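Taking it in order: structure first as structure tokens, then the write-up.
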Amino acid sequence: MSPPASDKKQSGVARVLGSASAGICEIAVFHPVDTISKRLMSNQTKITSAAEFNSVIFREHAQKALGSRLLTLFPGLGYAACYKILQRVYKYGGQPFANEFLTQNFKDSYDSLFGAKTGKALLSATAGSLIGIGEVVLLPLDVLKIKRQTNPEAFKGRGFLKIMADEGFGLYRGWGWTAARNAPGSFALFGGNSFAKEYIFGLKDYSSATWTQNFVTSIFGASASLIVSAPLDVIKTRIQNKNFESKESGFTILKNMAKNEGITSFFKGLTPKLLTTGPKLVFSFALAQSLIPAFDKLLK
């Protein structure tokens with residue numbers, strides 16, 4: 001999304017406005033889809049019938065009318081909105097700054113090792129990876145969002161401030177697994193996007209891409225990101241959806257998954273995630289890449 005020195009730089013305000021707008025649009029359209037994906041990943045049984053699928057998705061509301069069931073797919077919307085908007089501003093708005101820093105200091109090294117075109121794409125990927133690792137600062141909001149979606153009983157009638165006071169740094173449980181997931185996932189997201197812009201469309205200035213080009217390159221980046229990060233994402237989700245008092249570690253979850261559910265369990269929810277989270281990520285990523293230059297022009 002954000003390119004090296006040969007690319008046009010947008011203002012910080014444009015980056016914030018463009019990425020925040022993308023986050024708002026994403027949450028408005030895709031929150032129910034995200035709830036379904038999280039509940040499928042949290043499910044530890046095999047689904048063999050439509051009735052079981054219905055029970056996994058809608059839980060105790062499975063027998064209610066369709067309209068009532070659909071409304072249950074919007075739990076934790078407040079947490080989700082705060083998290084998603086902050087995450088998109090941080091990730092889509094912050095990656096260009098990291099990329100510019102790396103380009104200024106390491107461009108010659110990357111160019112000599114990988115060549116100018118590949119080096120440029122890898123700089124963007126590395127910047128994305130660093131931003132992805134730093135994303136753990138937003139983990140408490142992500143934890144609360146996931147618990148609202150998959151384990152609402154954990155709240156026990158407590159509000160946001162009460163939970164923050166009670167749980168403290170416990171809300172950062174799984175931060176190591178989150179960072180381990182984000183590093184390759186964000187590398188693949190920005191790297192896949194940049195490689196597609198570089199080698200498919202031959203763009204010298206990534207910010208000059210059309211909406212269609214941004215959409216196509218975002219498909220490459222999002223698909224690579226979801227596939228690479230899938231195993232760690234399942235472990236992260238299972239750590240975060242447990243009751244607050246649970247002390248089960250990520251390594252224990254990993255061992256139990258391998259023993260009881262088999263190696264394919266690490267890719268549980270990948271197909272629906274590619275079909276659901278994939279479009280969501282493509283949508284927001286392409287939108288941010290298109291809106292940031294647009295806001296930059298409007299602000300001048």
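Identifiers in the structure tokens: chain A, B, ... in order shown; residue index from 1 per chain; ligand index from 1 in order shown.
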#### Entry: Exercise: region 286-296 of chain A partners within 10 Å, only C-alpha atoms, chain neighbours under 2 positions left out, as a PyMOL selection string
chain A and resi 1-2+8-23+25-26+88-89+92-93+193+206-219+280-284+298-300
### Query
So which bits of region 20-268 of chain A end up alpha helix (DSSP H) when you DSSP the backbone, as a PyMOL selection string?
chain A and resi 20-42+50-58+66-71+77-114+116-134+139-150+160-167+175-199+211-240+250-256
Compile the contact shell of region 265-271 of chain A as a compact mmCIF listing (two decimals) with N, CA and C atoms, in the first residue's frame: residues with an atom at most 6 Å away, counting only C-alpha atoms, same-chain residues fewer than 2 positions apart removed.
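Below is the file around-v3.txt, written as the result:
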# COMPACT_ATOMS: atom_id res chain seq x y z
N LEU A 40 -17.20 -20.72 14.35
CA LEU A 40 -16.76 -21.95 13.69
C LEU A 40 -15.36 -22.35 14.16
N MET A 41 -14.48 -21.38 14.30
CA MET A 41 -13.11 -21.69 14.75
C MET A 41 -13.10 -22.16 16.20
N ALA A 230 -3.25 -18.96 9.36
CA ALA A 230 -4.38 -19.79 9.80
C ALA A 230 -4.10 -20.63 11.06
N PRO A 231 -3.03 -21.43 11.12
CA PRO A 231 -2.83 -22.28 12.31
C PRO A 231 -2.71 -21.48 13.61
N GLU A 261 -7.67 -33.73 17.74
CA GLU A 261 -8.40 -33.30 16.54
C GLU A 261 -7.62 -33.49 15.25
N GLY A 262 -6.33 -33.77 15.37
CA GLY A 262 -5.53 -34.00 14.16
C GLY A 262 -4.97 -32.72 13.58
N ILE A 263 -4.06 -32.88 12.63
CA ILE A 263 -3.34 -31.74 12.05
C ILE A 263 -4.28 -30.80 11.30
N LYS A 273 -13.32 -18.79 6.33
CA LYS A 273 -12.57 -17.55 6.56
C LYS A 273 -12.14 -16.94 5.24
N LEU A 274 -11.69 -17.78 4.30
CA LEU A 274 -11.33 -17.27 2.98
C LEU A 274 -12.55 -16.69 2.26
